[in-house]
$ cat entry09.csv   # CSV, C-alpha atoms
chain,number,residue,atom,x,y,z
A,1,MET,CA,12.0,20.9,-17.9
A,2,THR,CA,11.4,19.9,-21.5
A,3,ILE,CA,9.0,17.2,-22.6
A,4,TRP,CA,11.9,14.8,-23.3
A,5,MET,CA,13.2,15.3,-19.8
A,6,ASN,CA,9.8,14.6,-18.4
A,7,LEU,CA,9.4,11.5,-20.5
A,8,ALA,CA,12.9,10.3,-19.4
A,9,ALA,CA,11.9,10.9,-15.8
A,10,ILE,CA,8.7,8.8,-16.3
A,11,ALA,CA,10.6,6.0,-18.0
A,12,GLY,CA,13.1,5.9,-15.2
A,13,LEU,CA,10.3,5.9,-12.6
A,14,THR,CA,8.8,2.9,-14.4
A,15,VAL,CA,12.2,1.1,-14.0
A,16,VAL,CA,12.2,2.1,-10.3
A,17,SER,CA,8.8,0.5,-9.9
A,18,VAL,CA,9.9,-2.7,-11.5
A,19,VAL,CA,13.3,-2.8,-9.7
A,20,THR,CA,11.8,-2.1,-6.2
A,21,ARG,CA,8.8,-4.5,-6.5
A,22,GLY,CA,11.0,-7.2,-8.0
A,23,PHE,CA,14.2,-6.5,-6.1
A,24,PHE,CA,14.9,-10.0,-4.7
A,25,LEU,CA,13.4,-11.6,-7.8
A,26,ILE,CA,16.2,-10.2,-10.0
A,27,PRO,CA,19.0,-12.7,-9.2
A,28,GLU,CA,18.6,-16.2,-10.7
A,29,ARG,CA,19.7,-17.9,-7.5
A,30,GLU,CA,17.9,-17.5,-4.3
A,31,VAL,CA,19.5,-14.9,-1.9
A,32,PRO,CA,19.9,-16.8,1.4
A,33,LEU,CA,18.0,-15.1,4.2
A,34,PRO,CA,18.5,-16.0,7.8
A,35,PRO,CA,15.5,-17.6,9.4
A,36,TRP,CA,14.9,-14.7,11.9
A,37,LEU,CA,14.7,-12.3,9.0
A,38,ARG,CA,12.3,-14.5,7.1
A,39,GLU,CA,10.2,-14.6,10.3
A,40,ALA,CA,10.5,-10.8,10.7
A,41,LEU,CA,9.3,-10.2,7.1
A,42,ARG,CA,5.8,-11.2,8.2
A,43,TYR,CA,5.5,-8.0,10.1
A,44,ALA,CA,6.7,-5.7,7.2
A,45,PRO,CA,3.4,-5.1,5.5
A,46,LEU,CA,1.5,-4.4,8.7
A,47,ALA,CA,4.2,-1.9,9.7
A,48,ALA,CA,4.2,-0.2,6.3
A,49,LEU,CA,0.4,0.2,6.4
A,50,VAL,CA,0.5,1.6,10.0
A,51,ALA,CA,3.3,4.0,9.0
A,52,VAL,CA,1.3,5.3,6.0
A,53,LEU,CA,-1.8,5.6,8.2
A,54,VAL,CA,-0.4,7.6,11.1
A,55,PRO,CA,-0.1,10.9,9.3
A,56,GLU,CA,-3.4,10.3,7.4
A,57,ILE,CA,-5.6,9.9,10.4
A,58,ALA,CA,-3.7,11.4,13.3
A,59,MET,CA,-1.6,14.3,12.0
A,60,THR,CA,-2.1,17.8,10.6
A,61,ASP,CA,0.9,19.6,9.1
A,62,ASP,CA,3.7,17.5,10.8
A,63,HIS,CA,1.9,17.6,14.2
A,64,LEU,CA,-0.4,15.2,16.1
A,65,ILE,CA,-4.1,16.4,15.9
A,66,ALA,CA,-4.5,18.9,18.7
A,67,THR,CA,-8.3,19.4,18.6
A,68,TRP,CA,-11.3,17.3,19.3
A,69,ARG,CA,-13.1,19.0,16.4
A,70,ASP,CA,-11.4,16.9,13.7
A,71,PRO,CA,-13.8,14.8,11.7
A,72,ARG,CA,-11.1,12.2,11.0
A,73,LEU,CA,-11.1,11.1,14.7
A,74,TYR,CA,-14.8,10.2,14.6
A,75,ALA,CA,-14.6,8.7,11.2
A,76,THR,CA,-11.7,6.5,12.3
A,77,VAL,CA,-13.7,5.4,15.4
A,78,ALA,CA,-16.8,4.7,13.3
A,79,ALA,CA,-14.8,2.7,10.8
A,80,GLY,CA,-13.0,0.8,13.5
A,81,ALA,CA,-16.3,-0.1,15.2
A,82,MET,CA,-17.8,-1.2,11.9
A,83,PHE,CA,-14.8,-3.4,11.2
A,84,ILE,CA,-15.0,-5.1,14.6
A,85,ALA,CA,-18.7,-5.6,14.3
A,86,THR,CA,-18.8,-6.9,10.7
A,87,ARG,CA,-15.1,-7.6,9.6
A,88,HIS,CA,-16.3,-6.3,6.2
A,89,LEU,CA,-13.9,-3.9,4.4
A,90,LEU,CA,-16.5,-2.1,2.2
A,91,GLY,CA,-18.8,-1.5,5.1
A,92,THR,CA,-15.8,-0.1,7.1
A,93,ILE,CA,-15.0,2.4,4.3
A,94,LEU,CA,-18.6,3.4,3.9
A,95,ALA,CA,-19.2,3.9,7.7
A,96,GLY,CA,-16.1,6.1,8.1
A,97,SER,CA,-16.8,8.1,5.0
A,98,ALA,CA,-20.4,8.7,6.0
A,99,VAL,CA,-19.3,10.1,9.4
A,100,LEU,CA,-16.6,12.2,7.8
A,101,LEU,CA,-19.0,13.7,5.3
A,102,ALA,CA,-21.7,14.3,7.9
A,103,LEU,CA,-19.3,16.2,10.1
A,104,ARG,CA,-17.7,18.2,7.2
A,105,LEU,CA,-20.9,19.2,5.5
A,106,GLY,CA,-23.2,19.1,8.5
A,107,LEU,CA,-21.2,20.9,11.1
A,108,GLY,CA,-18.7,22.5,8.8
A,109,TRP,CA,-15.6,21.0,10.6
B,1,MET,CA,-4.8,-27.2,-14.7
B,2,THR,CA,-2.4,-27.4,-17.5
B,3,ALA,CA,0.0,-24.6,-18.4
B,4,SER,CA,-2.0,-23.9,-21.6
B,5,THR,CA,-5.2,-22.9,-19.7
B,6,PRO,CA,-5.4,-19.1,-19.7
B,7,LEU,CA,-4.7,-17.5,-16.3
B,8,TRP,CA,-8.0,-15.8,-16.1
B,9,ARG,CA,-9.8,-19.2,-16.2
B,10,HIS,CA,-7.9,-20.6,-13.3
B,11,PRO,CA,-10.2,-20.6,-10.2
B,12,GLU,CA,-7.6,-18.6,-8.2
B,13,PHE,CA,-8.1,-15.7,-10.6
B,14,ALA,CA,-11.7,-15.2,-9.4
B,15,VAL,CA,-10.5,-15.5,-5.7
B,16,GLY,CA,-7.9,-12.8,-6.2
B,17,ALA,CA,-10.3,-10.6,-8.1
B,18,ARG,CA,-13.0,-11.0,-5.4
B,19,GLU,CA,-10.6,-10.1,-2.5
B,20,MET,CA,-9.5,-6.9,-4.3
B,21,ARG,CA,-13.1,-6.0,-5.1
B,22,ASP,CA,-14.0,-5.4,-1.5
B,23,ILE,CA,-11.5,-2.6,-1.2
B,24,ALA,CA,-11.7,-1.3,-4.8
B,25,LEU,CA,-13.9,1.6,-3.6
B,26,GLY,CA,-11.1,2.8,-1.3
B,27,ILE,CA,-8.5,2.3,-3.9
B,28,GLY,CA,-10.7,4.1,-6.5
B,29,ALA,CA,-11.3,7.1,-4.1
B,30,TRP,CA,-7.5,7.2,-3.5
B,31,GLY,CA,-6.8,7.1,-7.2
B,32,LEU,CA,-9.2,10.0,-7.8
B,33,VAL,CA,-7.4,12.1,-5.2
B,34,ALA,CA,-4.0,11.2,-6.6
B,35,GLY,CA,-5.2,12.1,-10.1
B,36,ILE,CA,-6.4,15.5,-8.8
B,37,ALA,CA,-3.1,16.1,-7.1
B,38,MET,CA,-1.2,15.1,-10.1
B,39,SER,CA,-3.2,17.4,-12.3
B,40,LYS,CA,-2.6,20.3,-9.9
B,41,ALA,CA,1.1,19.7,-9.8
B,42,GLY,CA,1.3,21.4,-13.2
B,43,LEU,CA,2.7,18.6,-15.3
B,44,GLY,CA,-0.2,18.7,-17.8
B,45,ALA,CA,-2.9,16.1,-18.2
B,46,ALA,CA,-1.3,14.0,-20.9
B,47,LEU,CA,2.0,13.5,-19.0
B,48,ALA,CA,0.2,12.9,-15.8
B,49,ILE,CA,-1.9,10.1,-17.3
B,50,ALA,CA,1.1,8.6,-19.0
B,51,MET,CA,3.0,8.7,-15.7
B,52,SER,CA,0.1,6.9,-13.9
B,53,LEU,CA,-0.2,4.2,-16.6
B,54,CYS,CA,3.6,3.5,-16.6
B,55,VAL,CA,4.8,4.0,-13.1
B,56,PHE,CA,1.8,2.6,-11.2
B,57,ALA,CA,3.0,3.6,-7.8
B,58,GLY,CA,0.8,6.4,-6.3
B,59,SER,CA,3.0,7.6,-3.4
B,60,ALA,CA,6.1,7.5,-5.5
B,61,GLN,CA,4.4,9.5,-8.2
B,62,LEU,CA,3.2,12.1,-5.8
B,63,ALA,CA,6.7,12.4,-4.3
B,64,ALA,CA,8.3,12.7,-7.7
B,65,LEU,CA,5.9,15.1,-9.4
B,66,PRO,CA,6.9,18.4,-7.6
B,67,LEU,CA,10.6,17.5,-8.3
B,68,MET,CA,9.8,17.1,-12.0
B,69,VAL,CA,7.9,20.4,-12.1
B,70,GLN,CA,10.8,22.1,-10.3
B,71,GLY,CA,13.2,20.6,-12.9
B,72,ALA,CA,15.3,18.7,-10.3
B,73,PRO,CA,18.1,16.4,-11.7
B,74,LEU,CA,16.8,13.0,-12.9
B,75,TRP,CA,18.8,11.0,-10.4
B,76,VAL,CA,17.2,13.0,-7.5
B,77,ILE,CA,13.7,12.2,-8.9
B,78,TRP,CA,14.5,8.5,-9.3
B,79,ALA,CA,16.3,8.2,-5.9
B,80,THR,CA,13.3,9.8,-4.2
B,81,ALA,CA,10.9,7.3,-5.8
B,82,PHE,CA,13.2,4.5,-4.9
B,83,CYS,CA,13.2,5.5,-1.2
B,84,VAL,CA,9.4,5.9,-1.2
B,85,ASN,CA,9.2,2.4,-2.7
B,86,LEU,CA,11.7,0.8,-0.3
B,87,ARG,CA,8.9,-1.2,1.4
B,88,PHE,CA,8.4,-3.1,-1.9
B,89,VAL,CA,12.0,-4.2,-1.8
B,90,ILE,CA,11.3,-5.7,1.6
B,91,PHE,CA,8.1,-7.4,0.3
B,92,SER,CA,10.0,-8.8,-2.7
B,93,ALA,CA,12.0,-11.0,-0.5
B,94,GLY,CA,8.7,-12.5,0.5
B,95,TRP,CA,7.7,-13.1,-3.1
B,96,ARG,CA,10.8,-15.1,-3.9
B,97,PRO,CA,9.7,-18.6,-2.9
B,98,TYR,CA,6.4,-18.2,-4.7
B,99,PHE,CA,7.7,-17.2,-8.1
B,100,GLU,CA,11.1,-18.9,-8.0
B,101,SER,CA,10.3,-21.4,-10.8
B,102,LEU,CA,9.4,-18.6,-13.4
B,103,GLU,CA,11.9,-17.1,-15.8
B,104,ARG,CA,13.2,-13.7,-14.8
B,105,PRO,CA,11.1,-11.5,-17.1
B,106,LYS,CA,7.9,-13.2,-15.9
B,107,ARG,CA,9.0,-12.9,-12.3
B,108,LEU,CA,9.5,-9.2,-12.7
B,109,LEU,CA,6.3,-8.7,-14.6
B,110,ALA,CA,4.3,-10.4,-11.9
B,111,ALA,CA,6.1,-8.3,-9.2
B,112,TYR,CA,5.5,-5.1,-11.1
B,113,PHE,CA,1.7,-5.5,-10.8
B,114,THR,CA,1.7,-6.3,-7.0
B,115,VAL,CA,0.8,-3.4,-4.8
B,116,ASP,CA,0.7,-3.4,-1.0
B,117,PHE,CA,-2.7,-5.0,-0.7
B,118,THR,CA,-1.9,-7.7,-3.2
B,119,TYR,CA,1.0,-8.8,-1.0
B,120,ILE,CA,-1.1,-8.9,2.1
B,121,ALA,CA,-4.1,-10.7,0.6
B,122,PHE,CA,-1.8,-13.1,-1.2
B,123,MET,CA,0.2,-14.1,1.9
B,124,ARG,CA,-3.1,-14.7,3.8
B,125,ARG,CA,-4.4,-16.9,0.9
B,126,PHE,CA,-1.1,-18.8,0.5
B,127,PRO,CA,0.8,-19.0,3.8
B,128,ALA,CA,3.1,-21.4,2.0
B,129,PRO,CA,3.9,-22.0,-1.7
B,130,VAL,CA,1.5,-24.5,-3.4
B,131,ASP,CA,1.7,-24.2,-7.2
B,132,THR,CA,3.2,-21.4,-9.3
B,133,ARG,CA,0.2,-21.4,-11.7
B,134,ALA,CA,-2.2,-20.8,-8.8
B,135,HIS,CA,0.0,-18.0,-7.4
B,136,LEU,CA,0.1,-16.3,-10.8
B,137,ALA,CA,-3.6,-16.6,-11.4
B,138,TYR,CA,-4.4,-15.1,-7.9
B,139,VAL,CA,-2.0,-12.2,-8.5
B,140,ALA,CA,-3.5,-11.7,-12.0
B,141,GLY,CA,-7.1,-11.6,-10.7
B,142,ASN,CA,-6.2,-9.3,-7.8
B,143,ALA,CA,-4.1,-7.0,-10.0
B,144,ALA,CA,-6.7,-6.8,-12.8
B,145,VAL,CA,-9.3,-5.4,-10.4
B,146,GLY,CA,-6.9,-3.2,-8.5
B,147,TRP,CA,-5.2,-1.8,-11.7
B,148,THR,CA,-8.5,-1.0,-13.3
B,149,ALA,CA,-9.9,0.7,-10.3
B,150,TRP,CA,-6.7,2.7,-9.6
B,151,GLN,CA,-5.9,3.7,-13.2
B,152,GLY,CA,-9.6,4.4,-14.2
B,153,MET,CA,-10.1,6.7,-11.2
B,154,THR,CA,-6.7,8.4,-11.5
B,155,ILE,CA,-7.4,9.3,-15.1
B,156,LEU,CA,-10.8,10.6,-14.0
B,157,GLY,CA,-9.2,12.6,-11.3
B,158,VAL,CA,-6.7,14.2,-13.7
B,159,VAL,CA,-9.5,15.1,-16.1
B,160,LEU,CA,-12.0,16.4,-13.6
B,161,ALA,CA,-9.5,18.0,-11.2
B,162,ASP,CA,-11.1,21.5,-11.5
B,163,VAL,CA,-14.6,20.2,-11.0
B,164,ILE,CA,-14.4,18.0,-7.9
B,165,PRO,CA,-14.5,19.9,-4.6
B,166,THR,CA,-11.7,18.9,-2.3
B,167,CYS,CA,-13.9,19.5,0.8
B,168,TRP,CA,-15.5,16.1,0.4
B,169,GLY,CA,-12.5,14.5,2.0
B,170,LEU,CA,-12.4,11.8,-0.7
B,171,GLY,CA,-8.9,10.8,0.1
B,172,PHE,CA,-9.9,9.7,3.5
B,173,ALA,CA,-11.8,6.8,1.9
B,174,GLY,CA,-8.4,5.4,0.9
B,175,SER,CA,-7.1,5.8,4.4
B,176,LEU,CA,-10.2,4.0,5.7
B,177,ALA,CA,-9.5,1.1,3.3
B,178,LEU,CA,-6.0,1.0,4.8
B,179,LEU,CA,-7.5,1.1,8.3
B,180,GLY,CA,-9.6,-1.9,7.5
B,181,ILE,CA,-6.8,-3.9,6.0
B,182,THR,CA,-4.6,-3.0,9.0
B,183,ALA,CA,-7.3,-4.1,11.4
B,184,SER,CA,-7.6,-7.4,9.6
B,185,LEU,CA,-3.9,-8.1,10.2
B,186,LEU,CA,-4.1,-7.6,14.0
B,187,VAL,CA,-4.7,-11.2,14.9
B,188,ASN,CA,-2.6,-11.7,18.1
B,189,ARG,CA,-0.5,-10.0,20.7
B,190,ALA,CA,2.6,-9.9,18.6
B,191,THR,CA,0.9,-8.1,15.7
B,192,TRP,CA,-0.7,-5.6,18.0
B,193,ILE,CA,2.6,-4.8,19.6
B,194,ALA,CA,4.3,-4.6,16.2
B,195,ALA,CA,1.6,-2.2,15.0
B,196,ALA,CA,2.0,0.0,18.1
B,197,VAL,CA,5.8,0.1,17.7
B,198,ALA,CA,5.4,0.9,14.0
B,199,ALA,CA,3.0,3.8,14.8
B,200,CYS,CA,5.4,5.3,17.3
B,201,ALA,CA,8.4,4.9,15.1
B,202,ALA,CA,6.6,6.3,12.0
B,203,PHE,CA,5.6,9.4,14.1
B,204,ALA,CA,9.0,9.8,15.8
B,205,ALA,CA,10.8,9.6,12.4
B,206,PHE,CA,8.3,11.7,10.5
B,207,ALA,CA,10.8,14.5,9.9
B,208,LEU,CA,13.0,12.2,7.7
B,209,PRO,CA,12.9,13.0,4.0
B,210,PHE,CA,11.6,10.7,1.2
B,211,HIS,CA,9.0,8.9,3.5
B,212,LEU,CA,11.9,7.1,5.1
B,213,ASN,CA,9.9,7.0,8.3
B,214,ILE,CA,8.0,4.1,6.7
B,215,VAL,CA,11.3,2.1,6.5
B,216,VAL,CA,12.2,3.0,10.1
B,217,ALA,CA,8.7,1.8,11.2
B,218,ILE,CA,9.1,-1.4,9.2
B,219,ALA,CA,12.5,-2.2,10.8
B,220,ALA,CA,11.2,-1.3,14.3
B,221,ALA,CA,8.1,-3.4,13.9
B,222,MET,CA,10.0,-6.4,12.5
B,223,ALA,CA,12.3,-6.3,15.5
B,224,ALA,CA,9.4,-6.0,17.9
B,225,GLY,CA,7.4,-8.8,16.3
B,226,VAL,CA,10.3,-11.2,16.4
B,227,LEU,CA,11.2,-10.3,20.0
B,228,VAL,CA,7.6,-11.0,21.1
B,229,ASP,CA,7.5,-14.3,19.1
B,230,ARG,CA,10.8,-15.4,20.8
B,231,PHE,CA,10.1,-14.3,24.4
B,232,SER,CA,6.4,-14.6,24.8
B,233,PRO,CA,5.2,-17.6,26.9
B,234,PRO,CA,4.3,-20.7,24.9
B,235,ARG,CA,0.7,-21.2,23.7
B,236,ALA,CA,-0.7,-22.1,27.1
B,237,ALA,CA,-0.9,-18.5,28.3
B,238,PRO,CA,-2.2,-17.8,31.8
B,239,ALA,CA,-5.9,-17.3,32.0
B,240,GLY,CA,-7.2,-13.8,31.3
B,241,GLU,CA,-4.2,-13.0,29.1
B,242,ALA,CA,-4.8,-12.1,25.4
B,243,PRO,CA,-3.7,-15.0,23.1

$ encode --input "entry09.csv" --output "structure tokens"
Amino acid sequence: MTIWMNLAAIAGLTVVSVVTRGFFLIPEREVPLPPWLREALRYAPLAALVAVLVPEIAMTDDHLIATWRDPRLYATVAAGAMFIATRHLLGTILAGSAVLLALRLGLGW
Amino acid sequence: MTASTPLWRHPEFAVGAREMRDIALGIGAWGLVAGIAMSKAGLGAALAIAMSLCVFAGSAQLAALPLMVQGAPLWVIWATAFCVNLRFVIFSAGWRPYFESLERPKRLLAAYFTVDFTYIAFMRRFPAPVDTRAHLAYVAGNAAVGWTAWQGMTILGVVLADVIPTCWGLGFAGSLALLGITASLLVNRATWIAAAVAACAAFAAFALPFHLNIVVAIAAAMAAGVLVDRFSPPRAAPAGEAP
């Protein structure tokens, strides 16, 4: 691919970002949404997050984790416990990362 | 607040910035990993950085990159990114009432800078529209911190790709940020059920191309959430039952 093709691809991808993020903001008049759909939209971000998370914390190469010696399991539990105890996001990230690093570097998992 | 006051001096700017600051570490770690991956895809550092600065959509970039390196047709590259970004199309319906009074270019500019976490934090801050200026200031503050953390660390990742060992599991810090945000959204039975349904759907549909399993999970969770809202017993639940 030439440099110009790559630049064209990047320009188009930028348009895709604007169009997808602003999709229902493009028309001048409001697009009427039925009330049930408006209500259902409240669950969309939660579902998107969960769907992104599932492979990150529970899957290896298209399959569910099949071993107990996966540091991600313990890091996830530690982070979850930290969140329940403190409800603090930064502490949650640090607790999980600490467990992950300890198991990776300490036990070589 | 008059319209002439700059957005960054509006009190909501600081609120938006503060709420993004708490997860900036996770976003930064994720940006670093994305930068490393982009560098290793073989596009070259300059193009990778230009792509990050313009496109500003991590997962879409990582999906598009291998296609660009392989020389896939442009429409395939764009369609792939569109599918990966479909969740934003769904979120944009939620933005509508908050930015309705702005002109179209401003509406789209505000939307361009909103990432997943901006949407979530914003809807918690403003369950109903109050004042367009306050909405804009909050988004600007939130996006200023998020954009800087993401872009700065992505560029660092592109530049330092060959130096940073992958064994540190840096990317997992980003997943942990997601985990925390997800946990903060689990506030009642309906959200727990919706999350469980989303997890099962995302796993079951994992084989779909273009990350379409995310869209399947959203549709399934929306249906489950609404069903629970409709058919769960009214507020006075029997003793011992979760609220």

$ residues_around --input "entry09.csv" --residues "region 21-32 of chain A" --least-positions-apart "6" --cutoff "9 Å" --atoms "all atoms listed in the file" --output "JSON, numbers by chain"
{"B": [85, 86, 87, 88, 89, 90, 91, 92, 93, 94, 95, 96, 97, 99, 100, 103, 104, 105, 107, 108, 109, 110, 111, 112, 113, 114, 115]}

$ closest_residue --input "entry09.csv" --among "A:Met82, A:Ala44, A:Leu64, A:Ala75" --to "chain B" --atoms "only C-alpha atoms"
A:Ala44

$ residues_near_point --input "entry09.csv" --point "(15.8, 5.8, -12.6)" --cutoff "8 Å" --atoms "all atoms listed in the file" --output "VMD selection string"
(chain A and resid 9 11 to 16) or (chain B and resid 74 to 75 77 to 79)

$ residues_around --input "entry09.csv" --residues "Met68 (chain B)" --least-positions-apart "5" --cutoff "12 Å" --atoms "all atoms listed in the file" --output "number ranges by chain"
A: 1-10, 13; B: 38, 41-44, 47-48, 51, 61-63, 73-78, 80-81

$ atom_distance --input "entry09.csv" --atom1 "CA of His135 (chain B)" --atom2 "CA of Phe117 (chain B)"
14.9 Å

$ atom_distance --input "entry09.csv" --atom1 "CA of Leu33 (chain A)" --atom2 "CA of Val139 (chain B)"
23.9 Å

$ residues_around --input "entry09.csv" --residues "region 7-14 of chain B" --least-positions-apart "3" --cutoff "8 Å" --atoms "all atoms listed in the file" --output "ChimeraX atom specification"
/B:1,17-18,133-142

$ closest_residue --input "entry09.csv" --among "B:Ala205, B:Val69, B:Gly225, B:Leu178" --to "Ala24 (chain B)" --atoms "all atoms listed in the file"
B:Leu178

$ closest_residue --input "entry09.csv" --among "B:Val55, B:Ala128, B:Leu156, B:Ala219" --to "chain A" --atoms "all atoms listed in the file"
B:Val55

$ atom_distance --input "entry09.csv" --atom1 "CA of Ser97 (chain A)" --atom2 "CA of Thr191 (chain B)"
26.3 Å

$ closest_residue --input "entry09.csv" --among "A:Ala85, A:Val99, A:Leu94, A:Ala40" --to "chain B" --atoms "all atoms listed in the file"
A:Ala40

$ residues_around --input "entry09.csv" --residues "Gly91 (chain A)" --least-positions-apart "6" --cutoff "12 Å" --atoms "all atoms listed in the file" --output "number ranges by chain"
A: 78-85, 97-98; B: 22-23, 25-26, 173, 176-177, 180

$ build_atoms --input "entry09.csv" --residues "region 30-43 of chain B" --atoms "N, CA and C atoms" --output "PDB file, in the frame of the given file"
ATOM      1  N   TRP B  30      -8.915   6.815  -3.632  1.00  0.00           N
ATOM      2  CA  TRP B  30      -7.500   7.200  -3.500  1.00  0.00           C
ATOM      3  C   TRP B  30      -6.941   7.631  -4.851  1.00  0.00           C
ATOM      4  N   GLY B  31      -7.263   6.805  -5.867  1.00  0.00           N
ATOM      5  CA  GLY B  31      -6.800   7.100  -7.200  1.00  0.00           C
ATOM      6  C   GLY B  31      -7.325   8.434  -7.698  1.00  0.00           C
ATOM      7  N   LEU B  32      -8.592   8.693  -7.391  1.00  0.00           N
ATOM      8  CA  LEU B  32      -9.200  10.000  -7.800  1.00  0.00           C
ATOM      9  C   LEU B  32      -8.447  11.139  -7.182  1.00  0.00           C
ATOM     10  N   VAL B  33      -8.143  11.023  -5.880  1.00  0.00           N
ATOM     11  CA  VAL B  33      -7.400  12.100  -5.200  1.00  0.00           C
ATOM     12  C   VAL B  33      -6.016  12.246  -5.766  1.00  0.00           C
ATOM     13  N   ALA B  34      -5.367  11.107  -6.017  1.00  0.00           N
ATOM     14  CA  ALA B  34      -4.000  11.200  -6.600  1.00  0.00           C
ATOM     15  C   ALA B  34      -4.068  11.830  -7.965  1.00  0.00           C
ATOM     16  N   GLY B  35      -5.086  11.510  -8.743  1.00  0.00           N
ATOM     17  CA  GLY B  35      -5.200  12.100 -10.100  1.00  0.00           C
ATOM     18  C   GLY B  35      -5.401  13.621  -9.979  1.00  0.00           C
ATOM     19  N   ILE B  36      -6.245  14.050  -9.023  1.00  0.00           N
ATOM     20  CA  ILE B  36      -6.400  15.500  -8.800  1.00  0.00           C
ATOM     21  C   ILE B  36      -5.120  16.156  -8.449  1.00  0.00           C
ATOM     22  N   ALA B  37      -4.401  15.535  -7.497  1.00  0.00           N
ATOM     23  CA  ALA B  37      -3.100  16.100  -7.100  1.00  0.00           C
ATOM     24  C   ALA B  37      -2.131  16.161  -8.210  1.00  0.00           C
ATOM     25  N   MET B  38      -2.099  15.100  -9.025  1.00  0.00           N
ATOM     26  CA  MET B  38      -1.200  15.100 -10.100  1.00  0.00           C
ATOM     27  C   MET B  38      -1.488  16.167 -11.144  1.00  0.00           C
ATOM     28  N   SER B  39      -2.782  16.372 -11.371  1.00  0.00           N
ATOM     29  CA  SER B  39      -3.200  17.400 -12.300  1.00  0.00           C
ATOM     30  C   SER B  39      -2.773  18.785 -11.802  1.00  0.00           C
ATOM     31  N   LYS B  40      -2.948  19.002 -10.473  1.00  0.00           N
ATOM     32  CA  LYS B  40      -2.600  20.300  -9.900  1.00  0.00           C
ATOM     33  C   LYS B  40      -1.151  20.562  -9.767  1.00  0.00           C
ATOM     34  N   ALA B  41      -0.332  19.511  -9.881  1.00  0.00           N
ATOM     35  CA  ALA B  41       1.100  19.700  -9.800  1.00  0.00           C
ATOM     36  C   ALA B  41       1.651  20.486 -10.947  1.00  0.00           C
ATOM     37  N   GLY B  42       0.907  20.534 -12.041  1.00  0.00           N
ATOM     38  CA  GLY B  42       1.300  21.400 -13.200  1.00  0.00           C
ATOM     39  C   GLY B  42       2.122  20.689 -14.225  1.00  0.00           C
ATOM     40  N   LEU B  43       1.945  19.374 -14.343  1.00  0.00           N
ATOM     41  CA  LEU B  43       2.700  18.600 -15.300  1.00  0.00           C
ATOM     42  C   LEU B  43       1.925  18.566 -16.659  1.00  0.00           C
TER      43      LEU B  43
END
